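Visitor: Pasting entry.pdb below, which is PDB, C-alpha atoms and all ligand atoms.
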```
ATOM      1  CA  MET A   1      31.412 -15.180   4.844  1.00  0.00           C
ATOM      2  CA  ALA A   2      27.658 -14.838   4.702  1.00  0.00           C
ATOM      3  CA  ILE A   3      25.337 -13.261   2.185  1.00  0.00           C
ATOM      4  CA  ILE A   4      23.037 -10.616   3.584  1.00  0.00           C
ATOM      5  CA  SER A   5      20.715  -8.136   1.930  1.00  0.00           C
ATOM      6  CA  CYS A   6      21.771  -4.505   1.716  1.00  0.00           C
ATOM      7  CA  PRO A   7      19.613  -2.426   4.086  1.00  0.00           C
ATOM      8  CA  SER A   8      19.384   0.294   1.460  1.00  0.00           C
ATOM      9  CA  CYS A   9      18.717  -1.476  -1.854  1.00  0.00           C
ATOM     10  CA  ASP A  10      17.894  -5.051  -0.677  1.00  0.00           C
ATOM     11  CA  LYS A  11      20.381  -6.622  -3.079  1.00  0.00           C
ATOM     12  CA  ASN A  12      22.566  -9.478  -1.875  1.00  0.00           C
ATOM     13  CA  ILE A  13      25.949  -8.423  -0.555  1.00  0.00           C
ATOM     14  CA  SER A  14      28.680 -10.058   1.491  1.00  0.00           C
ATOM     15  CA  SER A  15      28.442  -9.530   5.231  1.00  0.00           C
ATOM     16  CA  GLN A  16      32.152  -8.653   5.173  1.00  0.00           C
ATOM     17  CA  SER A  17      31.928  -5.675   2.847  1.00  0.00           C
ATOM     18  CA  ASP A  18      31.434  -2.297   4.487  1.00  0.00           C
ATOM     19  CA  VAL A  19      30.141  -0.633   1.360  1.00  0.00           C
ATOM     20  CA  CYS A  20      27.366  -1.994  -0.832  1.00  0.00           C
ATOM     21  CA  PRO A  21      28.727  -2.505  -4.371  1.00  0.00           C
ATOM     22  CA  HIS A  22      25.263  -1.902  -5.851  1.00  0.00           C
ATOM     23  CA  CYS A  23      24.218   1.386  -4.280  1.00  0.00           C
ATOM     24  CA  GLY A  24      27.274   2.537  -2.348  1.00  0.00           C
ATOM     25  CA  PHE A  25      25.543   2.374   1.011  1.00  0.00           C
ATOM     26  CA  GLN A  26      28.022   2.542   3.908  1.00  0.00           C
ATOM     27  CA  ARG A  27      27.150  -0.136   6.406  1.00  0.00           C
ATOM     28  CA  ASP A  28      27.361   0.933  10.009  1.00  0.00           C
ATOM     29  CA  GLU A  29      24.989   0.788  12.960  1.00  0.00           C
ATOM     30  CA  VAL A  30      23.973   4.458  12.960  1.00  0.00           C
ATOM     31  CA  ALA A  31      23.292   4.598   9.235  1.00  0.00           C
ATOM     32  CA  GLU A  32      21.312   1.361   9.335  1.00  0.00           C
ATOM     33  CA  GLU A  33      19.181   2.528  12.250  1.00  0.00           C
ATOM     34  CA  ARG A  34      18.508   5.852  10.529  1.00  0.00           C
ATOM     35  CA  LEU A  35      17.560   4.017   7.352  1.00  0.00           C
ATOM     36  CA  ARG A  36      15.194   1.730   9.256  1.00  0.00           C
ATOM     37  CA  GLU A  37      13.501   4.753  10.791  1.00  0.00           C
ATOM     38  CA  LEU A  38      13.205   6.355   7.361  1.00  0.00           C
ATOM     39  CA  ARG A  39      11.616   3.213   5.934  1.00  0.00           C
ATOM     40  CA  ARG A  40       9.272   2.958   8.897  1.00  0.00           C
ATOM     41  CA  ARG A  41       8.133   6.524   8.317  1.00  0.00           C
ATOM     42  CA  LYS A  42       7.699   5.934   4.568  1.00  0.00           C
ATOM     43  CA  LEU A  43       5.637   2.798   5.199  1.00  0.00           C
ATOM     44  CA  ARG A  44       3.492   4.633   7.734  1.00  0.00           C
ATOM     45  CA  ASP A  45       2.847   7.349   5.138  1.00  0.00           C
ATOM     46  CA  ARG A  46       1.869   4.730   2.571  1.00  0.00           C
ATOM     47  CA  VAL A  47      -0.506   3.041   5.022  1.00  0.00           C
ATOM     48  CA  TYR A  48      -2.089   6.436   5.734  1.00  0.00           C
ATOM     49  CA  GLN A  49      -2.474   7.234   2.010  1.00  0.00           C
ATOM     50  CA  LEU A  50      -3.967   3.802   1.354  1.00  0.00           C
ATOM     51  CA  LYS A  51      -6.460   4.279   4.174  1.00  0.00           C
ATOM     52  CA  MET A  52      -7.524   7.576   2.624  1.00  0.00           C
ATOM     53  CA  ALA A  53      -7.812   5.851  -0.772  1.00  0.00           C
ATOM     54  CA  SER A  54      -9.929   3.087   0.747  1.00  0.00           C
ATOM     55  CA  TYR A  55     -12.315   5.737   2.104  1.00  0.00           C
ATOM     56  CA  ALA A  56     -12.483   7.207  -1.399  1.00  0.00           C
ATOM     57  CA  ALA A  57     -13.332   3.737  -2.753  1.00  0.00           C
ATOM     58  CA  LEU A  58     -16.063   3.346  -0.142  1.00  0.00           C
ATOM     59  CA  THR A  59     -17.420   6.736  -1.170  1.00  0.00           C
ATOM     60  CA  LEU A  60     -17.572   5.423  -4.755  1.00  0.00           C
ATOM     61  CA  LEU A  61     -19.569   2.409  -3.569  1.00  0.00           C
ATOM     62  CA  ILE A  62     -21.986   4.593  -1.636  1.00  0.00           C
ATOM     63  CA  GLY A  63     -22.225   6.919  -4.641  1.00  0.00           C
ATOM     64  CA  ALA A  64     -23.029   3.962  -6.900  1.00  0.00           C
ATOM     65  CA  PHE A  65     -25.749   2.864  -4.520  1.00  0.00           C
ATOM     66  CA  GLY A  66     -27.198   6.376  -4.360  1.00  0.00           C
ATOM     67  CA  TRP A  67     -27.101   6.613  -8.137  1.00  0.00           C
ATOM     68  CA  TYR A  68     -28.850   3.263  -8.388  1.00  0.00           C
ATOM     69  CA  LEU A  69     -31.588   4.396  -6.006  1.00  0.00           C
ATOM     70  CA  ALA A  70     -31.973   7.730  -7.797  1.00  0.00           C
ATOM     71  CA  ALA A  71     -32.080   6.031 -11.215  1.00  0.00           C
ATOM     72  CA  THR A  72     -34.587   3.379 -10.217  1.00  0.00           C
ATOM     73  CA  GLY A  73     -36.736   5.752  -8.154  1.00  0.00           C
ATOM     74  CA  GLY A  74     -36.932   3.366  -5.227  1.00  0.00           C
ATOM     75  CA  PHE A  75     -36.413   0.042  -7.010  1.00  0.00           C
ATOM     76  CA  GLN A  76     -39.278   0.530  -9.454  1.00  0.00           C
ATOM     77  CA  TYR A  77     -37.322   0.601 -12.681  1.00  0.00           C
ATOM     78  CA  ARG A  78     -34.149  -1.049 -13.818  1.00  0.00           C
ATOM     79  CA  ALA A  79     -31.189   1.274 -13.547  1.00  0.00           C
ATOM     80  CA  SER A  80     -28.852   1.897 -16.473  1.00  0.00           C
ATOM     81  CA  ALA A  81     -25.442   0.221 -16.489  1.00  0.00           C
ATOM     82  CA  GLY A  82     -23.846   3.301 -14.887  1.00  0.00           C
ATOM     83  CA  PRO A  83     -24.317   2.420 -11.212  1.00  0.00           C
ATOM     84  CA  TYR A  84     -23.256  -1.192 -11.823  1.00  0.00           C
ATOM     85  CA  ILE A  85     -20.071  -0.073 -13.552  1.00  0.00           C
ATOM     86  CA  LEU A  86     -19.316   2.424 -10.790  1.00  0.00           C
ATOM     87  CA  PHE A  87     -19.967  -0.242  -8.172  1.00  0.00           C
ATOM     88  CA  THR A  88     -17.697  -2.762  -9.911  1.00  0.00           C
ATOM     89  CA  VAL A  89     -14.902  -0.211 -10.305  1.00  0.00           C
ATOM     90  CA  GLY A  90     -15.274   0.903  -6.683  1.00  0.00           C
ATOM     91  CA  ALA A  91     -15.262  -2.672  -5.394  1.00  0.00           C
ATOM     92  CA  ALA A  92     -12.192  -3.622  -7.453  1.00  0.00           C
ATOM     93  CA  PHE A  93     -10.431  -0.429  -6.356  1.00  0.00           C
ATOM     94  CA  TYR A  94     -11.253  -1.193  -2.729  1.00  0.00           C
ATOM     95  CA  LEU A  95     -10.025  -4.804  -2.914  1.00  0.00           C
ATOM     96  CA  VAL A  96      -6.718  -3.785  -4.512  1.00  0.00           C
ATOM     97  CA  ILE A  97      -6.202  -1.163  -1.805  1.00  0.00           C
ATOM     98  CA  ARG A  98      -6.901  -3.704   0.921  1.00  0.00           C
ATOM     99  CA  VAL A  99      -4.290  -6.082  -0.532  1.00  0.00           C
ATOM    100  CA  TYR A 100      -1.645  -3.326  -0.594  1.00  0.00           C
ATOM    101  CA  LEU A 101      -2.640  -2.169   2.871  1.00  0.00           C
ATOM    102  CA  TYR A 102      -2.175  -5.700   4.160  1.00  0.00           C
ATOM    103  CA  LYS A 103       1.258  -5.953   2.507  1.00  0.00           C
ATOM    104  CA  PHE A 104       2.490  -2.616   3.850  1.00  0.00           C
ATOM    105  CA  LYS A 105       1.214  -3.372   7.335  1.00  0.00           C
ATOM    106  CA  ALA A 106       2.995  -6.718   7.299  1.00  0.00           C
ATOM    107  CA  ALA A 107       6.218  -5.000   6.168  1.00  0.00           C
ATOM    108  CA  LEU A 108       5.811  -2.412   8.909  1.00  0.00           C
ATOM    109  CA  ARG A 109       5.340  -5.139  11.518  1.00  0.00           C
ATOM    110  CA  LYS A 110       8.505  -6.824  10.285  1.00  0.00           C
ATOM    111  CA  LEU A 111      10.437  -3.565  10.609  1.00  0.00           C
ATOM    112  CA  ASN A 112       9.173  -3.000  14.114  1.00  0.00           C
ATOM    113  CA  THR A 113      10.325  -6.330  15.481  1.00  0.00           C
TER     114      THR A 113
HETATM  115 ZN    ZN A 201      22.803  -1.445  -1.597  1.00  0.00          ZN
END
```
Before we go any further, please render this structure as structure tokens.
Ligand SMILES: [Zn+2]
Guide:
Amino acid sequence: MAIISCPSCDKNISSQSDVCPHCGFQRDEVAEERLRELRRRKLRDRVYQLKMASYAALTLLIGAFGWYLAATGGFQYRASAGPYILFTVGAAFYLVIRVYLYKFKAALRKLNT
């Protein structure tokens, strides 16, 4: 008897049981394949949303730069803290998105193999 993870809820179950005791998932080939396809589609949606969010973050960075230029009038005066804050927030936002994007893409690759 081996321990495997339930394809539906990822909890450990016995390879001998046909029904997951945690979520009630019925284990059979068709259901598992359908579930894999569903997960694949969900992950693809998440990757798409994250890409859109990363473009939004880049827009923030460009906006911060434009604000900086507008505020300093071509680098003549020191800008207020506004553009720096916006830039920091945008950069942090972007980095977090990239980390999630990497994770979801890795999960998607695992599902596809
Ligand atoms: Zn389960």
Visitor: Name the residues, by chain letter and number, that sit within 7 Å of ligand ZN 201 (chain A) using only C-alpha atoms and all ligand atoms, and give them as a ChimeraX atom specification.
Guide: /A:6-11,20-25
Visitor: Any chance you could work out the residue set of the PyMOL selection byres (((chain A and resi 51) around 12) and not hetatm) here, as JSON, numbers by chain?
Guide: {"A": [44, 45, 46, 47, 48, 49, 50, 52, 53, 54, 55, 56, 57, 58, 94, 96, 97, 98, 99, 100, 101, 102, 104, 105]}
Visitor: So that I can see what lies close to Tyr84 in chain A, please list as a list of chain:residue names the residues with an atom at most 10 Å from it, counting all atoms listed in the file and leaving out residues fewer than 4 positions away in the same chain.
Guide: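 My reading of the contact set: A:Leu61, A:Ala64, A:Phe65, A:Trp67, A:Tyr68, A:Ala79, A:Ser80, A:Thr88, A:Val89, A:Gly90.
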Visitor: Provide the CA of Ala91 in chain A to CA of Arg109 in chain A distance in Å, to one decimal place.
Guide: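 Straight-line distance from CA of Ala91 in chain A to CA of Arg109 in chain A works out to 26.8 Å.
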Visitor: To one decimal in Å, tell me the separation between CA of Ile3 in chain A and CA of Glu32 in chain A.
Guide: 16.8 Å
Visitor: Find the residues near range 110-113 of chain A: any atom within 10 Å, counting all atoms listed in the file, skip ones fewer than 3 places away on the same chain, and give them as a count of residues only.
Guide: 9
Visitor: Which one is closest to Lys42 in chain A: A:Gln16, A:Leu108, A:Asp28, A:Ala2? Count all atoms listed in the file.
Guide: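 Nearest candidate to Lys42 in chain A out of A:Gln16, A:Leu108, A:Asp28, A:Ala2: A:Leu108.
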